[in-house]
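Colleague: Before we start, here is the structure in question, set down as structure tokens.
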Amino acid sequence: MLKPLGDRVLIKVSKEEEKTAGGFVLASAAKEKPQTGVVVAVGEGRVLDNGETAPVPVKVGDTVLFEKYAGSEVKYEGTEYMIFAAKDIVAIVE
């Protein structure tokens, strides 16, 4: 499995609905980019100027909301993931 470094977080992005409320199928260009996903792996945290490590504020299994155009797409063993810096995660979905 991939292990993020520093304050990075590996997320399996949720699939968005491919139909509108009225039942119309959306073309891929018309779909909104997903903004939620489940945390799969977390780095050890960001090293501060004083040498201490600031922990990442999310844990494996959390469902999170992230910035719309942030992160890097990664494909590993046939599964698509996104890697984000912790600052790009805006909320934990409860």
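Residues are named by chain letter and number: chains run A, B, ... in the order of the structure tokens, numbers start at 1 in each chain, and ligands are numbered from 1 in the order shown.
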Residues within 7 Å of range 51-65 of chain A, please, as an MDAnalysis selection string. Count only C-alpha atoms; anything in the same chain fewer than 2 positions from it doesn't count.

Modeller: chainID A and resid 7 35:42 44:49 86 89:93

Colleague: Take the residues that were just selected and, keeping all heavy atoms, output them as a tab-separated table (two decimals), in the first residue's frame.

Modeller:
chain	number	residue	atom	x	y	z
A	7	ASP	N	2.74	15.59	6.05
A	7	ASP	CA	1.33	15.85	6.38
A	7	ASP	C	0.40	15.52	5.22
A	7	ASP	O	-0.68	16.07	5.10
A	7	ASP	CB	1.14	17.30	6.83
A	7	ASP	CG	1.32	18.29	5.70
A	7	ASP	OD1	1.95	17.94	4.68
A	7	ASP	OD2	0.85	19.42	5.82
A	35	GLN	N	-15.89	15.84	-4.15
A	35	GLN	CA	-15.20	16.57	-3.10
A	35	GLN	C	-15.19	15.83	-1.78
A	35	GLN	O	-14.79	16.38	-0.77
A	35	GLN	CB	-15.86	17.94	-2.90
A	35	GLN	CG	-15.57	18.90	-4.02
A	35	GLN	CD	-16.19	20.25	-3.73
A	35	GLN	OE1	-17.26	20.56	-4.23
A	35	GLN	NE2	-15.52	21.05	-2.93
A	36	THR	N	-15.61	14.57	-1.77
A	36	THR	CA	-15.56	13.77	-0.55
A	36	THR	C	-14.87	12.45	-0.82
A	36	THR	O	-14.82	11.98	-1.96
A	36	THR	CB	-16.96	13.48	0.02
A	36	THR	OG1	-17.72	12.75	-0.95
A	36	THR	CG2	-17.69	14.75	0.41
A	37	GLY	N	-14.35	11.87	0.24
A	37	GLY	CA	-13.70	10.58	0.12
A	37	GLY	C	-13.36	10.03	1.49
A	37	GLY	O	-13.56	10.69	2.51
A	38	VAL	N	-12.84	8.80	1.50
A	38	VAL	CA	-12.48	8.12	2.74
A	38	VAL	C	-10.97	8.07	2.85
A	38	VAL	O	-10.27	7.70	1.90
A	38	VAL	CB	-13.08	6.70	2.76
A	38	VAL	CG1	-12.65	5.94	4.00
A	38	VAL	CG2	-14.59	6.76	2.67
A	39	VAL	N	-10.46	8.42	4.02
A	39	VAL	CA	-9.02	8.40	4.28
A	39	VAL	C	-8.55	6.96	4.33
A	39	VAL	O	-9.08	6.15	5.09
A	39	VAL	CB	-8.68	9.14	5.60
A	39	VAL	CG1	-7.19	9.03	5.89
A	39	VAL	CG2	-9.12	10.59	5.53
A	40	VAL	N	-7.54	6.64	3.51
A	40	VAL	CA	-6.99	5.30	3.42
A	40	VAL	C	-5.66	5.19	4.17
A	40	VAL	O	-5.37	4.16	4.78
A	40	VAL	CB	-6.80	4.90	1.93
A	40	VAL	CG1	-6.14	3.55	1.80
A	40	VAL	CG2	-8.13	4.92	1.21
A	41	ALA	N	-4.85	6.25	4.13
A	41	ALA	CA	-3.56	6.26	4.81
A	41	ALA	C	-3.20	7.70	5.16
A	41	ALA	O	-3.61	8.63	4.47
A	41	ALA	CB	-2.48	5.63	3.94
A	42	VAL	N	-2.42	7.86	6.22
A	42	VAL	CA	-2.05	9.19	6.71
A	42	VAL	C	-0.55	9.21	6.98
A	42	VAL	O	0.00	8.24	7.52
A	42	VAL	CB	-2.81	9.51	8.02
A	42	VAL	CG1	-2.39	10.84	8.58
A	42	VAL	CG2	-4.30	9.48	7.79
A	44	GLU	N	3.01	10.78	8.80
A	44	GLU	CA	3.32	10.91	10.23
A	44	GLU	C	3.12	12.32	10.77
A	44	GLU	O	3.09	12.53	11.97
A	44	GLU	CB	4.77	10.47	10.49
A	44	GLU	CG	5.83	11.27	9.78
A	44	GLU	CD	6.06	10.89	8.32
A	44	GLU	OE1	5.52	9.86	7.87
A	44	GLU	OE2	6.76	11.65	7.63
A	45	GLY	N	2.96	13.30	9.91
A	45	GLY	CA	2.72	14.68	10.35
A	45	GLY	C	3.79	15.63	9.84
A	45	GLY	O	4.81	15.21	9.30
A	46	ARG	N	3.56	16.91	10.05
A	46	ARG	CA	4.48	17.95	9.58
A	46	ARG	C	5.46	18.29	10.69
A	46	ARG	O	5.10	18.48	11.83
A	46	ARG	CB	3.68	19.20	9.20
A	46	ARG	CG	4.48	20.33	8.62
A	46	ARG	CD	3.59	21.44	8.10
A	46	ARG	NE	2.64	21.92	9.08
A	46	ARG	CZ	2.87	22.97	9.87
A	46	ARG	NH1	4.00	23.64	9.78
A	46	ARG	NH2	1.96	23.35	10.74
A	47	VAL	N	6.75	18.36	10.32
A	47	VAL	CA	7.78	18.72	11.29
A	47	VAL	C	7.80	20.24	11.43
A	47	VAL	O	7.94	20.97	10.44
A	47	VAL	CB	9.16	18.19	10.86
A	47	VAL	CG1	10.23	18.63	11.85
A	47	VAL	CG2	9.13	16.68	10.73
A	48	LEU	N	7.64	20.72	12.65
A	48	LEU	CA	7.63	22.16	12.94
A	48	LEU	C	9.05	22.69	13.06
A	48	LEU	O	10.01	21.93	13.16
A	48	LEU	CB	6.86	22.41	14.25
A	48	LEU	CG	5.41	21.89	14.28
A	48	LEU	CD1	4.84	22.04	15.68
A	48	LEU	CD2	4.56	22.62	13.27
A	49	ASP	N	9.19	24.01	13.08
A	49	ASP	CA	10.50	24.65	13.18
A	49	ASP	C	11.26	24.23	14.44
A	49	ASP	O	12.49	24.19	14.44
A	49	ASP	CB	10.36	26.17	13.16
A	49	ASP	CG	9.90	26.68	11.80
A	49	ASP	OD1	10.09	25.96	10.80
A	49	ASP	OD2	9.34	27.79	11.74
A	86	ALA	N	-2.64	18.02	4.25
A	86	ALA	CA	-3.67	18.14	5.29
A	86	ALA	C	-4.40	19.47	5.21
A	86	ALA	O	-5.60	19.54	5.49
A	86	ALA	CB	-3.03	17.95	6.66
A	89	ILE	N	-7.75	19.60	3.24
A	89	ILE	CA	-8.94	18.93	3.79
A	89	ILE	C	-9.66	19.97	4.65
A	89	ILE	O	-9.08	20.54	5.57
A	89	ILE	CB	-8.55	17.70	4.61
A	89	ILE	CG1	-7.89	16.69	3.68
A	89	ILE	CG2	-9.78	17.10	5.28
A	89	ILE	CD1	-7.29	15.51	4.37
A	90	VAL	N	-10.92	20.23	4.32
A	90	VAL	CA	-11.64	21.31	4.98
A	90	VAL	C	-12.59	20.85	6.09
A	90	VAL	O	-12.98	21.64	6.94
A	90	VAL	CB	-12.40	22.20	3.97
A	90	VAL	CG1	-11.43	22.91	3.06
A	90	VAL	CG2	-13.38	21.39	3.14
A	91	ALA	N	-12.99	19.56	6.08
A	91	ALA	CA	-13.92	19.10	7.11
A	91	ALA	C	-13.94	17.57	7.17
A	91	ALA	O	-13.62	16.90	6.20
A	91	ALA	CB	-15.33	19.60	6.81
A	92	ILE	N	-14.33	17.07	8.33
A	92	ILE	CA	-14.61	15.66	8.51
A	92	ILE	C	-16.13	15.52	8.46
A	92	ILE	O	-16.84	16.23	9.15
A	92	ILE	CB	-14.06	15.14	9.85
A	92	ILE	CG1	-12.53	15.25	9.86
A	92	ILE	CG2	-14.49	13.68	10.07
A	92	ILE	CD1	-11.91	14.92	11.19
A	93	VAL	N	-16.62	14.61	7.63
A	93	VAL	CA	-18.07	14.40	7.49
A	93	VAL	C	-18.50	13.38	8.54
A	93	VAL	O	-17.97	12.28	8.60
A	93	VAL	CB	-18.41	13.87	6.07
A	93	VAL	CG1	-19.91	13.66	5.93
A	93	VAL	CG2	-17.90	14.84	5.02

Colleague: Figure out the distance between CA of Gly78 in chain A and CA of Lys3 in chain A, please, to one decimal in Å.

Modeller: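 One can read the CA of Lys3 in chain A to CA of Gly78 in chain A distance as 16.6 Å.
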
Colleague: Could you check which of A:Glu80, A:Gly71, A:Gly43, A:Lys87 is closest to Val9 in chain A, using only C-alpha atoms?

Modeller: A:Gly43
